[in-house]
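Have a look at model31.pdb below; it lists PDB, C-alpha atoms and all ligand atoms.
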ATOM      1  CA  MET E   1     -47.197  50.515  61.814
ATOM      2  CA  LYS E   2     -50.237  52.511  63.038
ATOM      3  CA  LYS E   3     -51.909  51.973  59.685
ATOM      4  CA  PHE E   4     -51.182  48.253  59.868
ATOM      5  CA  ARG E   5     -52.718  47.998  63.406
ATOM      6  CA  ARG E   6     -55.839  49.846  62.248
ATOM      7  CA  LEU E   7     -56.156  47.444  59.315
ATOM      8  CA  ILE E   8     -55.886  44.450  61.681
ATOM      9  CA  SER E   9     -58.591  45.961  63.998
ATOM     10  CA  VAL E  10     -60.923  46.528  61.039
ATOM     11  CA  ILE E  11     -60.424  42.922  59.875
ATOM     12  CA  CYS E  12     -61.062  41.616  63.427
ATOM     13  CA  PHE E  13     -64.223  43.720  63.712
ATOM     14  CA  ILE E  14     -65.546  42.411  60.371
ATOM     15  CA  CYS E  15     -64.822  38.791  61.355
ATOM     16  CA  LEU E  16     -66.524  39.222  64.737
ATOM     17  CA  SER E  17     -69.574  40.845  63.154
ATOM     18  CA  ILE E  18     -69.844  37.988  60.661
ATOM     19  CA  ALA E  19     -69.548  35.380  63.425
ATOM     20  CA  MET E  20     -72.151  37.111  65.613
ATOM     21  CA  SER E  21     -74.662  37.554  62.825
ATOM     22  CA  GLY E  22     -74.334  33.877  61.860
ATOM     23  CA  CYS E  23     -73.345  34.826  58.314
ATOM     24  CA  ASP E  24     -71.162  32.771  56.055
ATOM     25  CA  ALA E  25     -67.843  34.576  55.446
ATOM     26  CA  THR E  26     -67.995  33.738  51.750
ATOM     27  CA  SER E  27     -71.486  35.235  51.313
ATOM     28  CA  PRO E  28     -72.231  37.822  53.983
ATOM     29  CA  GLU E  29     -75.947  37.983  53.097
ATOM     30  CA  THR E  30     -76.772  34.257  53.633
ATOM     31  CA  VAL E  31     -78.147  33.450  57.087
ATOM     32  CA  VAL E  32     -77.234  29.860  57.888
ATOM     33  CA  GLU E  33     -79.998  28.369  60.059
ATOM     34  CA  LYS E  34     -79.667  24.906  61.514
ATOM     35  CA  PRO E  35     -82.619  22.751  60.345
ATOM     36  CA  ILE E  36     -84.948  21.388  62.997
ATOM     37  CA  VAL E  37     -84.195  17.707  63.648
ATOM     38  CA  LEU E  38     -87.196  15.441  64.281
ATOM     39  CA  GLY E  39     -86.720  11.842  65.414
ATOM     40  CA  TYR E  40     -89.716   9.752  64.325
ATOM     41  CA  SER E  41     -90.412   6.178  65.415
ATOM     42  CA  GLN E  42     -92.994   4.586  63.124
ATOM     43  CA  LEU E  43     -94.542   1.385  64.496
ATOM     44  CA  GLY E  44     -94.252  -0.678  61.305
ATOM     45  CA  ASP E  45     -95.505  -1.131  57.777
ATOM     46  CA  GLU E  46     -98.433  -3.495  58.339
ATOM     47  CA  SER E  47    -101.036  -1.869  56.098
ATOM     48  CA  THR E  48    -101.743   0.347  53.103
ATOM     49  CA  TRP E  49    -102.756   3.026  55.622
ATOM     50  CA  ARG E  50     -99.398   2.823  57.381
ATOM     51  CA  SER E  51     -97.386   3.111  54.141
ATOM     52  CA  GLN E  52     -99.350   6.244  53.243
ATOM     53  CA  ASN E  53     -98.845   7.641  56.739
ATOM     54  CA  SER E  54     -95.056   7.164  56.505
ATOM     55  CA  LEU E  55     -95.011   8.775  53.063
ATOM     56  CA  SER E  56     -97.043  11.733  54.325
ATOM     57  CA  LEU E  57     -94.617  12.283  57.232
ATOM     58  CA  ILE E  58     -91.459  12.029  55.127
ATOM     59  CA  ASN E  59     -92.785  14.226  52.307
ATOM     60  CA  ALA E  60     -94.084  16.844  54.741
ATOM     61  CA  ALA E  61     -90.734  16.941  56.565
ATOM     62  CA  ASN E  62     -88.900  17.495  53.264
ATOM     63  CA  GLU E  63     -91.335  20.221  52.256
ATOM     64  CA  ALA E  64     -91.004  21.950  55.638
ATOM     65  CA  GLY E  65     -87.178  21.754  55.575
ATOM     66  CA  ILE E  66     -87.230  19.594  58.717
ATOM     67  CA  LYS E  67     -84.550  16.914  58.982
ATOM     68  CA  ILE E  68     -86.414  13.719  59.868
ATOM     69  CA  MET E  69     -84.666  10.680  61.360
ATOM     70  CA  PHE E  70     -87.226   7.999  60.509
ATOM     71  CA  GLU E  71     -87.117   4.563  62.152
ATOM     72  CA  ASP E  72     -89.466   1.644  61.341
ATOM     73  CA  ALA E  73     -89.994  -0.500  64.469
ATOM     74  CA  MET E  74     -91.379  -3.474  62.533
ATOM     75  CA  GLN E  75     -94.294  -4.033  64.961
ATOM     76  CA  ASN E  76     -92.006  -4.325  67.983
ATOM     77  CA  PRO E  77     -92.389  -1.839  70.863
ATOM     78  CA  GLU E  78     -88.847  -2.690  72.044
ATOM     79  CA  ASN E  79     -87.553  -1.307  68.730
ATOM     80  CA  GLN E  80     -89.551   1.866  69.349
ATOM     81  CA  ILE E  81     -87.953   2.272  72.778
ATOM     82  CA  LYS E  82     -84.487   1.755  71.262
ATOM     83  CA  ALA E  83     -85.215   4.321  68.536
ATOM     84  CA  ILE E  84     -86.431   6.890  71.083
ATOM     85  CA  ARG E  85     -83.267   6.323  73.149
ATOM     86  CA  SER E  86     -81.111   6.845  70.062
ATOM     87  CA  PHE E  87     -82.948  10.112  69.323
ATOM     88  CA  ILE E  88     -82.255  11.262  72.883
ATOM     89  CA  ALA E  89     -78.552  10.395  72.504
ATOM     90  CA  TYR E  90     -78.471  12.298  69.207
ATOM     91  CA  LYS E  91     -80.086  15.315  70.968
ATOM     92  CA  VAL E  92     -82.819  15.806  68.350
ATOM     93  CA  ASP E  93     -85.022  18.885  68.742
ATOM     94  CA  VAL E  94     -88.308  16.946  68.907
ATOM     95  CA  ILE E  95     -89.276  13.278  69.148
ATOM     96  CA  ALA E  96     -92.503  11.985  67.587
ATOM     97  CA  PHE E  97     -93.811   8.437  67.525
ATOM     98  CA  SER E  98     -96.818   6.271  66.714
ATOM     99  CA  PRO E  99     -97.023   3.793  69.594
ATOM    100  CA  LEU E 100     -97.823   0.207  68.636
ATOM    101  CA  VAL E 101     -99.654  -0.411  71.909
ATOM    102  CA  GLU E 102    -100.896   1.912  74.642
ATOM    103  CA  THR E 103     -98.754   0.947  77.629
ATOM    104  CA  GLY E 104     -95.061   0.661  78.456
ATOM    105  CA  TRP E 105     -93.811   4.125  77.501
ATOM    106  CA  ASP E 106     -93.432   5.952  80.818
ATOM    107  CA  THR E 107     -89.762   5.118  81.431
ATOM    108  CA  VAL E 108     -88.431   6.083  78.026
ATOM    109  CA  LEU E 109     -90.618   9.191  77.834
ATOM    110  CA  GLY E 110     -89.328  10.134  81.295
ATOM    111  CA  GLU E 111     -85.817   9.946  79.823
ATOM    112  CA  ALA E 112     -86.835  12.245  76.951
ATOM    113  CA  LYS E 113     -88.367  14.668  79.437
ATOM    114  CA  ALA E 114     -85.196  14.638  81.586
ATOM    115  CA  ALA E 115     -83.182  15.433  78.442
ATOM    116  CA  GLY E 116     -85.532  18.366  77.733
ATOM    117  CA  ILE E 117     -86.769  16.931  74.417
ATOM    118  CA  PRO E 118     -90.482  17.509  73.672
ATOM    119  CA  VAL E 119     -92.520  14.526  72.483
ATOM    120  CA  ILE E 120     -95.435  14.414  70.020
ATOM    121  CA  ILE E 121     -97.647  11.317  69.979
ATOM    122  CA  VAL E 122     -99.103  10.616  66.542
ATOM    123  CA  ASP E 123    -101.988   8.401  65.349
ATOM    124  CA  ARG E 124    -102.349   6.061  68.371
ATOM    125  CA  MET E 125    -102.462   7.149  71.989
ATOM    126  CA  ILE E 126    -100.535   6.065  75.096
ATOM    127  CA  ASP E 127    -102.020   5.143  78.450
ATOM    128  CA  THR E 128    -100.202   7.094  81.176
ATOM    129  CA  GLU E 129    -100.914   8.742  84.516
ATOM    130  CA  ASP E 130     -98.354  11.444  83.736
ATOM    131  CA  GLU E 131     -99.533  13.827  81.028
ATOM    132  CA  SER E 132     -96.321  15.855  81.318
ATOM    133  CA  LEU E 133     -94.523  13.060  79.421
ATOM    134  CA  TYR E 134     -95.743  14.415  76.109
ATOM    135  CA  THR E 135     -96.264  17.898  74.685
ATOM    136  CA  CYS E 136     -98.954  17.119  72.164
ATOM    137  CA  ALA E 137    -100.982  14.152  70.886
ATOM    138  CA  LEU E 138    -102.343  14.270  67.330
ATOM    139  CA  CYS E 139    -104.537  11.172  67.060
ATOM    140  CA  SER E 140    -107.630   9.735  65.440
ATOM    141  CA  ASP E 141    -110.779   9.471  67.521
ATOM    142  CA  PHE E 142    -110.977   5.683  67.413
ATOM    143  CA  ASP E 143    -113.918   5.460  69.792
ATOM    144  CA  LEU E 144    -115.881   7.748  67.468
ATOM    145  CA  GLU E 145    -114.928   5.529  64.515
ATOM    146  CA  GLY E 146    -116.369   2.515  66.370
ATOM    147  CA  ARG E 147    -119.538   4.411  67.239
ATOM    148  CA  GLN E 148    -119.962   5.484  63.615
ATOM    149  CA  ALA E 149    -119.749   1.828  62.542
ATOM    150  CA  GLY E 150    -122.490   1.020  65.091
ATOM    151  CA  GLU E 151    -124.667   3.918  63.922
ATOM    152  CA  PHE E 152    -124.467   2.683  60.337
ATOM    153  CA  LEU E 153    -125.672  -0.782  61.402
ATOM    154  CA  LYS E 154    -128.582   0.679  63.342
ATOM    155  CA  LYS E 155    -129.664   2.570  60.245
ATOM    156  CA  LYS E 156    -129.082  -0.324  57.862
ATOM    157  CA  PHE E 157    -131.073  -2.809  59.993
ATOM    158  CA  ARG E 158    -133.701  -0.371  61.300
ATOM    159  CA  LEU E 159    -136.548  -2.391  59.724
ATOM    160  CA  ASP E 160    -135.080  -5.800  60.574
ATOM    161  CA  ASP E 161    -136.148  -7.654  63.735
ATOM    162  CA  GLY E 162    -132.901  -9.562  63.903
ATOM    163  CA  PRO E 163    -130.964 -11.362  65.018
ATOM    164  CA  VAL E 164    -128.172  -9.454  63.270
ATOM    165  CA  ARG E 165    -125.111 -11.704  63.622
ATOM    166  CA  ILE E 166    -121.798  -9.874  63.408
ATOM    167  CA  VAL E 167    -118.264 -11.188  62.913
ATOM    168  CA  GLU E 168    -115.466  -8.803  63.835
ATOM    169  CA  LEU E 169    -111.869  -8.656  62.579
ATOM    170  CA  ALA E 170    -110.138  -6.583  65.244
ATOM    171  CA  GLY E 171    -106.820  -4.710  65.068
ATOM    172  CA  THR E 172    -103.633  -5.279  67.032
ATOM    173  CA  GLU E 173    -104.353  -6.228  70.642
ATOM    174  CA  TYR E 174    -103.820  -3.435  73.207
ATOM    175  CA  SER E 175    -103.534  -0.787  70.460
ATOM    176  CA  THR E 176    -105.726   2.330  70.659
ATOM    177  CA  PRO E 177    -107.519   1.739  67.320
ATOM    178  CA  ALA E 178    -108.427  -1.843  68.278
ATOM    179  CA  ILE E 179    -109.668  -0.730  71.709
ATOM    180  CA  GLY E 180    -111.609   2.300  70.446
ATOM    181  CA  ARG E 181    -113.184   0.556  67.472
ATOM    182  CA  TYR E 182    -114.189  -2.381  69.681
ATOM    183  CA  GLU E 183    -115.601  -0.341  72.562
ATOM    184  CA  GLY E 184    -117.152   2.476  70.541
ATOM    185  CA  PHE E 185    -118.985  -0.034  68.347
ATOM    186  CA  ARG E 186    -120.384  -1.922  71.330
ATOM    187  CA  SER E 187    -121.443   1.268  73.105
ATOM    188  CA  VAL E 188    -123.884   1.856  70.218
ATOM    189  CA  ILE E 189    -125.122  -1.624  69.291
ATOM    190  CA  SER E 190    -125.559  -2.745  72.911
ATOM    191  CA  SER E 191    -128.710  -0.613  73.142
ATOM    192  CA  ASP E 192    -130.467  -3.102  70.845
ATOM    193  CA  PRO E 193    -130.291  -6.833  71.739
ATOM    194  CA  LYS E 194    -130.935  -7.898  68.152
ATOM    195  CA  PHE E 195    -127.243  -7.169  67.421
ATOM    196  CA  GLU E 196    -125.024 -10.105  68.400
ATOM    197  CA  VAL E 197    -121.254 -10.249  67.948
ATOM    198  CA  ILE E 198    -120.789 -13.985  67.333
ATOM    199  CA  PHE E 199    -117.044 -13.880  66.546
ATOM    200  CA  SER E 200    -114.247 -11.431  67.328
ATOM    201  CA  ALA E 201    -110.492 -11.975  66.976
ATOM    202  CA  SER E 202    -107.395  -9.924  66.211
ATOM    203  CA  GLY E 203    -106.089  -9.914  62.647
ATOM    204  CA  ASP E 204    -103.308  -7.430  63.481
ATOM    205  CA  PHE E 205    -104.447  -5.034  60.740
ATOM    206  CA  MET E 206    -102.914  -7.371  58.134
ATOM    207  CA  ARG E 207    -104.444  -8.649  54.903
ATOM    208  CA  SER E 208    -102.996 -12.166  55.338
ATOM    209  CA  LYS E 209    -104.508 -12.449  58.816
ATOM    210  CA  GLY E 210    -107.857 -11.088  57.633
ATOM    211  CA  ARG E 211    -107.831 -13.899  55.102
ATOM    212  CA  GLU E 212    -106.947 -16.534  57.710
ATOM    213  CA  LEU E 213    -109.626 -15.315  60.122
ATOM    214  CA  MET E 214    -112.335 -15.337  57.456
ATOM    215  CA  GLN E 215    -111.390 -18.920  56.554
ATOM    216  CA  GLN E 216    -111.610 -19.808  60.245
ATOM    217  CA  ILE E 217    -115.015 -18.105  60.542
ATOM    218  CA  LEU E 218    -116.376 -20.104  57.614
ATOM    219  CA  THR E 219    -115.342 -23.375  59.257
ATOM    220  CA  HIS E 220    -117.519 -22.419  62.275
ATOM    221  CA  TYR E 221    -120.513 -20.797  60.562
ATOM    222  CA  GLU E 222    -122.522 -21.323  57.419
ATOM    223  CA  PRO E 223    -122.545 -18.191  55.223
ATOM    224  CA  ASN E 224    -126.262 -17.681  55.961
ATOM    225  CA  GLU E 225    -125.490 -17.527  59.699
ATOM    226  CA  ILE E 226    -123.413 -14.350  59.215
ATOM    227  CA  ASP E 227    -125.126 -11.019  58.546
ATOM    228  CA  VAL E 228    -122.308  -8.512  59.024
ATOM    229  CA  LEU E 229    -118.525  -8.323  58.790
ATOM    230  CA  TYR E 230    -117.069  -5.469  60.835
ATOM    231  CA  SER E 231    -113.383  -5.120  60.013
ATOM    232  CA  HIS E 232    -111.055  -2.720  61.844
ATOM    233  CA  ASN E 233    -109.109  -1.952  58.673
ATOM    234  CA  ASP E 234    -109.224  -2.186  54.883
ATOM    235  CA  ASP E 235    -106.356  -4.630  54.492
ATOM    236  CA  MET E 236    -108.082  -7.237  56.666
ATOM    237  CA  THR E 237    -111.291  -6.554  54.714
ATOM    238  CA  PHE E 238    -109.488  -7.256  51.420
ATOM    239  CA  GLY E 239    -108.284 -10.599  52.781
ATOM    240  CA  ALA E 240    -111.782 -11.482  54.008
ATOM    241  CA  ILE E 241    -113.408 -10.485  50.694
ATOM    242  CA  GLU E 242    -111.037 -12.799  48.785
ATOM    243  CA  VAL E 243    -112.199 -15.710  50.951
ATOM    244  CA  MET E 244    -115.874 -14.764  50.562
ATOM    245  CA  LEU E 245    -115.554 -14.684  46.780
ATOM    246  CA  GLU E 246    -113.798 -18.065  46.767
ATOM    247  CA  ALA E 247    -116.691 -19.446  48.852
ATOM    248  CA  GLY E 248    -119.318 -18.034  46.472
ATOM    249  CA  ILE E 249    -120.475 -15.386  48.979
ATOM    250  CA  ARG E 250    -121.409 -12.005  47.512
ATOM    251  CA  PRO E 251    -119.649  -9.362  49.671
ATOM    252  CA  GLY E 252    -121.857  -6.395  50.488
ATOM    253  CA  LYS E 253    -124.993  -8.332  49.536
ATOM    254  CA  ASP E 254    -124.998 -11.717  51.314
ATOM    255  CA  ILE E 255    -122.883 -10.225  54.105
ATOM    256  CA  VAL E 256    -122.977  -6.514  54.932
ATOM    257  CA  ILE E 257    -119.434  -5.126  55.248
ATOM    258  CA  ILE E 258    -118.153  -2.226  57.337
ATOM    259  CA  SER E 259    -114.468  -1.348  56.954
ATOM    260  CA  VAL E 260    -112.243   1.290  58.539
ATOM    261  CA  ASP E 261    -109.524   3.382  56.782
ATOM    262  CA  ALA E 262    -110.933   4.495  53.368
ATOM    263  CA  THR E 263    -108.243   3.547  50.874
ATOM    264  CA  GLN E 264    -109.138   4.128  47.216
ATOM    265  CA  LYS E 265    -109.708   0.410  46.623
ATOM    266  CA  ILE E 266    -112.294   0.138  49.413
ATOM    267  CA  ILE E 267    -114.070   3.234  48.062
ATOM    268  CA  ASP E 268    -114.211   1.474  44.675
ATOM    269  CA  TYR E 269    -115.768  -1.528  46.463
ATOM    270  CA  LEU E 270    -118.268   0.791  48.153
ATOM    271  CA  LYS E 271    -119.218   2.256  44.784
ATOM    272  CA  ASP E 272    -119.771  -1.179  43.214
ATOM    273  CA  GLY E 273    -121.777  -2.420  46.223
ATOM    274  CA  SER E 274    -119.198  -4.926  47.558
ATOM    275  CA  VAL E 275    -118.797  -2.904  50.759
ATOM    276  CA  ASN E 276    -121.570  -1.010  52.571
ATOM    277  CA  CYS E 277    -119.864   1.421  54.933
ATOM    278  CA  VAL E 278    -116.360   2.901  55.135
ATOM    279  CA  ILE E 279    -115.187   4.827  58.185
ATOM    280  CA  GLU E 280    -112.284   7.075  57.339
ATOM    281  CA  CYS E 281    -109.069   6.946  59.346
ATOM    282  CA  ASN E 282    -106.914   9.761  57.992
ATOM    283  CA  PRO E 283    -103.216   8.860  57.406
ATOM    284  CA  ASN E 284    -102.194  12.248  56.008
ATOM    285  CA  SER E 285    -101.024  13.757  59.270
ATOM    286  CA  GLY E 286     -97.552  14.733  57.970
ATOM    287  CA  PRO E 287     -98.158  18.463  57.392
ATOM    288  CA  GLN E 288     -99.856  18.859  60.806
ATOM    289  CA  VAL E 289     -97.017  17.011  62.572
ATOM    290  CA  MET E 290     -94.434  19.308  60.937
ATOM    291  CA  GLU E 291     -96.422  22.420  61.834
ATOM    292  CA  ILE E 292     -96.680  21.288  65.472
ATOM    293  CA  THR E 293     -92.933  20.508  65.488
ATOM    294  CA  ARG E 294     -92.105  23.959  64.126
ATOM    295  CA  ARG E 295     -94.330  25.666  66.691
ATOM    296  CA  ILE E 296     -92.884  23.710  69.617
ATOM    297  CA  VAL E 297     -89.323  24.582  68.548
ATOM    298  CA  ALA E 298     -90.382  28.253  68.205
ATOM    299  CA  GLY E 299     -91.514  28.128  71.841
ATOM    300  CA  GLU E 300     -95.207  28.476  71.026
ATOM    301  CA  THR E 301     -97.879  26.773  73.092
ATOM    302  CA  VAL E 302     -99.627  23.968  71.236
ATOM    303  CA  GLU E 303    -102.915  22.287  72.058
ATOM    304  CA  LYS E 304    -102.371  19.183  74.165
ATOM    305  CA  ASN E 305    -104.787  16.776  72.448
ATOM    306  CA  ILE E 306    -105.824  17.205  68.821
ATOM    307  CA  TYR E 307    -108.074  14.900  66.787
ATOM    308  CA  ILE E 308    -107.451  14.445  63.064
ATOM    309  CA  ASP E 309    -110.423  15.261  60.772
ATOM    310  CA  GLU E 310    -112.245  12.169  59.468
ATOM    311  CA  LYS E 311    -115.428  11.309  57.554
ATOM    312  CA  VAL E 312    -117.836   8.420  56.956
ATOM    313  CA  PHE E 313    -118.719   7.136  53.491
ATOM    314  CA  ASP E 314    -121.563   4.652  53.169
ATOM    315  CA  GLU E 315    -124.082   3.283  50.710
ATOM    316  CA  TYR E 316    -126.332   6.289  51.428
ATOM    317  CA  SER E 317    -123.588   8.790  50.454
ATOM    318  CA  ASP E 318    -123.378  10.795  47.256
ATOM    319  CA  PHE E 319    -120.542   8.881  45.586
ATOM    320  CA  ASP E 320    -119.760  11.725  43.166
ATOM    321  CA  SER E 321    -118.733  13.902  46.099
ATOM    322  CA  ILE E 322    -116.045  11.455  47.267
ATOM    323  CA  ALA E 323    -112.714  12.885  46.146
ATOM    324  CA  ASP E 324    -109.974  10.585  44.903
ATOM    325  CA  ARG E 325    -108.230   9.196  47.976
ATOM    326  CA  GLY E 326    -104.734   9.225  46.489
ATOM    327  CA  TYR E 327    -103.596   5.966  48.078
TER     328      TYR E 327
HETATM  329  O1  LIG E 401    -103.586   3.285  63.829
HETATM  330  C1  LIG E 401    -104.264   3.368  62.629
HETATM  331  C2  LIG E 401    -104.535   1.991  62.105
HETATM  332  O2  LIG E 401    -103.317   1.289  61.971
HETATM  333  C3  LIG E 401    -105.175   1.910  60.740
HETATM  334  O3  LIG E 401    -106.556   1.762  60.763
HETATM  335  C4  LIG E 401    -104.607   0.646  60.228
HETATM  336  O4  LIG E 401    -104.820   0.399  58.873
HETATM  337  C5  LIG E 401    -103.222   0.760  60.671
HETATM  338  O5  LIG E 401    -102.458  -0.350  60.526
END

As a first step, turn the structure in this file into structure tokens.
Amino acid sequence: MKKFRRLISVICFICLSIAMSGCDATSPETVVEKPIVLGYSQLGDESTWRSQNSLSLINAANEAGIKIMFEDAMQNPENQIKAIRSFIAYKVDVIAFSPLVETGWDTVLGEAKAAGIPVIIVDRMIDTEDESLYTCALCSDFDLEGRQAGEFLKKKFRLDDGPVRIVELAGTEYSTPAIGRYEGFRSVISSDPKFEVIFSASGDFMRSKGRELMQQILTHYEPNEIDVLYSHNDDMTFGAIEVMLEAGIRPGKDIVIISVDATQKIIDYLKDGSVNCVIECNPNSGPQVMEITRRIVAGETVEKNIYIDEKVFDEYSDFDSIADRGY
């Protein structure tokens, strides 16, 4: 009987030790760690850039062993709010999202904060009085992108007395890239009155709308009344170039073109002279987002506002040094 009791105590001790060490009873050496769960609300799939950004996030999550719950909001901020609420209900470890527009997030982010779930803002920024609503923002410097577009024009037209007449295809209204690229650009060109923006409208970052806007522009202006096309993204530029070619306009020669994003196709256009300046907006933020997620879950302090690295490629660049873009 004594022997039997001792055997029972030994078995109980072993079971307790296994439970406390988190080991699987079938393989005492395997430590079973729960994967980090990241809820991600992507704003949509409007552009080549966005598809690459989603791919980068999903691939990086898989590589980092992070379980990602990925929701596409299809260009509707209400869908983003719903997704964030579902992540809160699911009790994810971290929430990340790319906000379609800058405002309207305080309530739902307050709910995430009350639930103790840290939030990372990716790509576009939010406009809030309360910085405690997010842990970290990893965004592009859209104002800088706009200024770089302006600086290129100043260089390109340095020997020209003007007027330099500019048509602008802007991004989604009230979104950070549209605001930054609009304001940053004007902050540079406004110092010289020879630069005139004669048309500006939102094409929502979509190729089809870029096409429509360029058709509209050509009903208002003769081709020789337009000197520059400044487009807030490559997809709208592609749509506009199609229309130019149909109208017998030589893109990059009859009309100087500045485009933002830097997809491989636009770089090919830059190399063949159809586009004059490309401002990079970097979509490959996945690995950085996963690293920030891991550090937040580990209780480390992360920098509050981080800008993604970006470059400018223009007709003065050494084309051989431009690496393949991969998308
Ligand atoms: O927020 C980044 C912008 O959104 C990219 O320039 C554009 O292509 C995308 O749709």

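Using all atoms listed in the file, the residues found no farther than 6 Å from segment 240-248 of chain E, other than those of its own chain fewer than 2 positions away, are Gly210, Arg211, Met214, Thr237 and Phe238 of chain E.
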
Taking the file as I've supplied it (selection: the PyMOL selection byres (((chain E and resi 235) around 9) and not hetatm)), which residues are included? Please answer as a ChimeraX atom specification.
/E:46-49,205-208,210,231-234,236-240,261

Hey, which of E:Ile249, E:Asp130, E:Ala298, E:Gln52 ends up closest to Gln264 of chain E? Count only C-alpha atoms.
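For Gln264 of chain E, the nearest of the candidates is E:Gln52.
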
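Nearest to ligand LIG 401 (chain E) of all the residues E:Ile258, E:Cys139, E:Met290, E:Ala60 is E:Cys139, counting all atoms listed in the file.
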
From the set E:Phe142, E:Phe313, E:Trp105, E:Phe152, which residue has the shortest atom-to-atom contact distance to ligand LIG 401 (chain E), counting only C-alpha atoms and all ligand atoms?
E:Phe142

So which residues touch segment 65-81 of chain E within 7 Å, counting only C-alpha atoms, skipping near sequence neighbours fewer than 5 positions away, as an MDAnalysis selection string?
chainID E and resid 35:45 100 108

Where atoms are absent from segment 127-141 of chain E, fill them in so it carries N, CA, C and O atoms, then output it as an mmCIF file, keeping the file's coordinate frame.
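Here's the written file out.cif:
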data_model
loop_
_atom_site.group_PDB
_atom_site.id
_atom_site.type_symbol
_atom_site.label_atom_id
_atom_site.label_comp_id
_atom_site.auth_asym_id
_atom_site.auth_seq_id
_atom_site.Cartn_x
_atom_site.Cartn_y
_atom_site.Cartn_z
ATOM 1 N N ASP E 127 -101.275 5.162 77.206
ATOM 2 C CA ASP E 127 -102.020 5.143 78.450
ATOM 3 C C ASP E 127 -101.024 5.496 79.557
ATOM 4 O O ASP E 127 -100.113 4.707 79.848
ATOM 5 N N THR E 128 -101.137 6.680 80.130
ATOM 6 C CA THR E 128 -100.202 7.094 81.176
ATOM 7 C C THR E 128 -100.916 7.947 82.214
ATOM 8 O O THR E 128 -101.897 8.624 81.903
ATOM 9 N N GLU E 129 -100.385 7.892 83.438
ATOM 10 C CA GLU E 129 -100.914 8.742 84.516
ATOM 11 C C GLU E 129 -100.296 10.135 84.425
ATOM 12 O O GLU E 129 -100.818 11.082 84.994
ATOM 13 N N ASP E 130 -99.138 10.217 83.730
ATOM 14 C CA ASP E 130 -98.354 11.444 83.736
ATOM 15 C C ASP E 130 -98.417 12.161 82.388
ATOM 16 O O ASP E 130 -97.658 11.866 81.461
ATOM 17 N N GLU E 131 -99.317 13.122 82.299
ATOM 18 C CA GLU E 131 -99.533 13.827 81.028
ATOM 19 C C GLU E 131 -98.362 14.728 80.644
ATOM 20 O O GLU E 131 -98.271 15.195 79.512
ATOM 21 N N SER E 132 -97.457 14.979 81.629
ATOM 22 C CA SER E 132 -96.321 15.855 81.318
ATOM 23 C C SER E 132 -95.281 15.126 80.458
ATOM 24 O O SER E 132 -94.303 15.723 80.018
ATOM 25 N N LEU E 133 -95.499 13.828 80.209
ATOM 26 C CA LEU E 133 -94.523 13.060 79.421
ATOM 27 C C LEU E 133 -94.606 13.368 77.934
ATOM 28 O O LEU E 133 -93.754 12.962 77.167
ATOM 29 N N TYR E 134 -95.675 14.032 77.520
ATOM 30 C CA TYR E 134 -95.743 14.415 76.109
ATOM 31 C C TYR E 134 -96.265 15.847 75.993
ATOM 32 O O TYR E 134 -96.977 16.337 76.865
ATOM 33 N N THR E 135 -95.871 16.500 74.894
ATOM 34 C CA THR E 135 -96.264 17.898 74.685
ATOM 35 C C THR E 135 -97.586 17.963 73.943
ATOM 36 O O THR E 135 -98.424 18.823 74.210
ATOM 37 N N CYS E 136 -97.748 17.064 72.991
ATOM 38 C CA CYS E 136 -98.954 17.119 72.164
ATOM 39 C C CYS E 136 -99.269 15.723 71.629
ATOM 40 O O CYS E 136 -98.360 14.940 71.364
ATOM 41 N N ALA E 137 -100.561 15.410 71.512
ATOM 42 C CA ALA E 137 -100.982 14.152 70.886
ATOM 43 C C ALA E 137 -101.909 14.498 69.724
ATOM 44 O O ALA E 137 -102.914 15.183 69.908
ATOM 45 N N LEU E 138 -101.530 14.041 68.534
ATOM 46 C CA LEU E 138 -102.343 14.270 67.330
ATOM 47 C C LEU E 138 -102.831 12.890 66.884
ATOM 48 O O LEU E 138 -102.077 12.126 66.278
ATOM 49 N N CYS E 139 -104.060 12.551 67.253
ATOM 50 C CA CYS E 139 -104.537 11.172 67.060
ATOM 51 C C CYS E 139 -105.896 11.150 66.372
ATOM 52 O O CYS E 139 -106.579 12.160 66.270
ATOM 53 N N SER E 140 -106.274 9.939 65.936
ATOM 54 C CA SER E 140 -107.630 9.735 65.440
ATOM 55 C C SER E 140 -108.534 9.470 66.631
ATOM 56 O O SER E 140 -108.077 8.961 67.656
ATOM 57 N N ASP E 141 -109.820 9.778 66.466
ATOM 58 C CA ASP E 141 -110.779 9.471 67.521
ATOM 59 C C ASP E 141 -111.340 8.071 67.237
ATOM 60 O O ASP E 141 -112.351 7.909 66.555
#
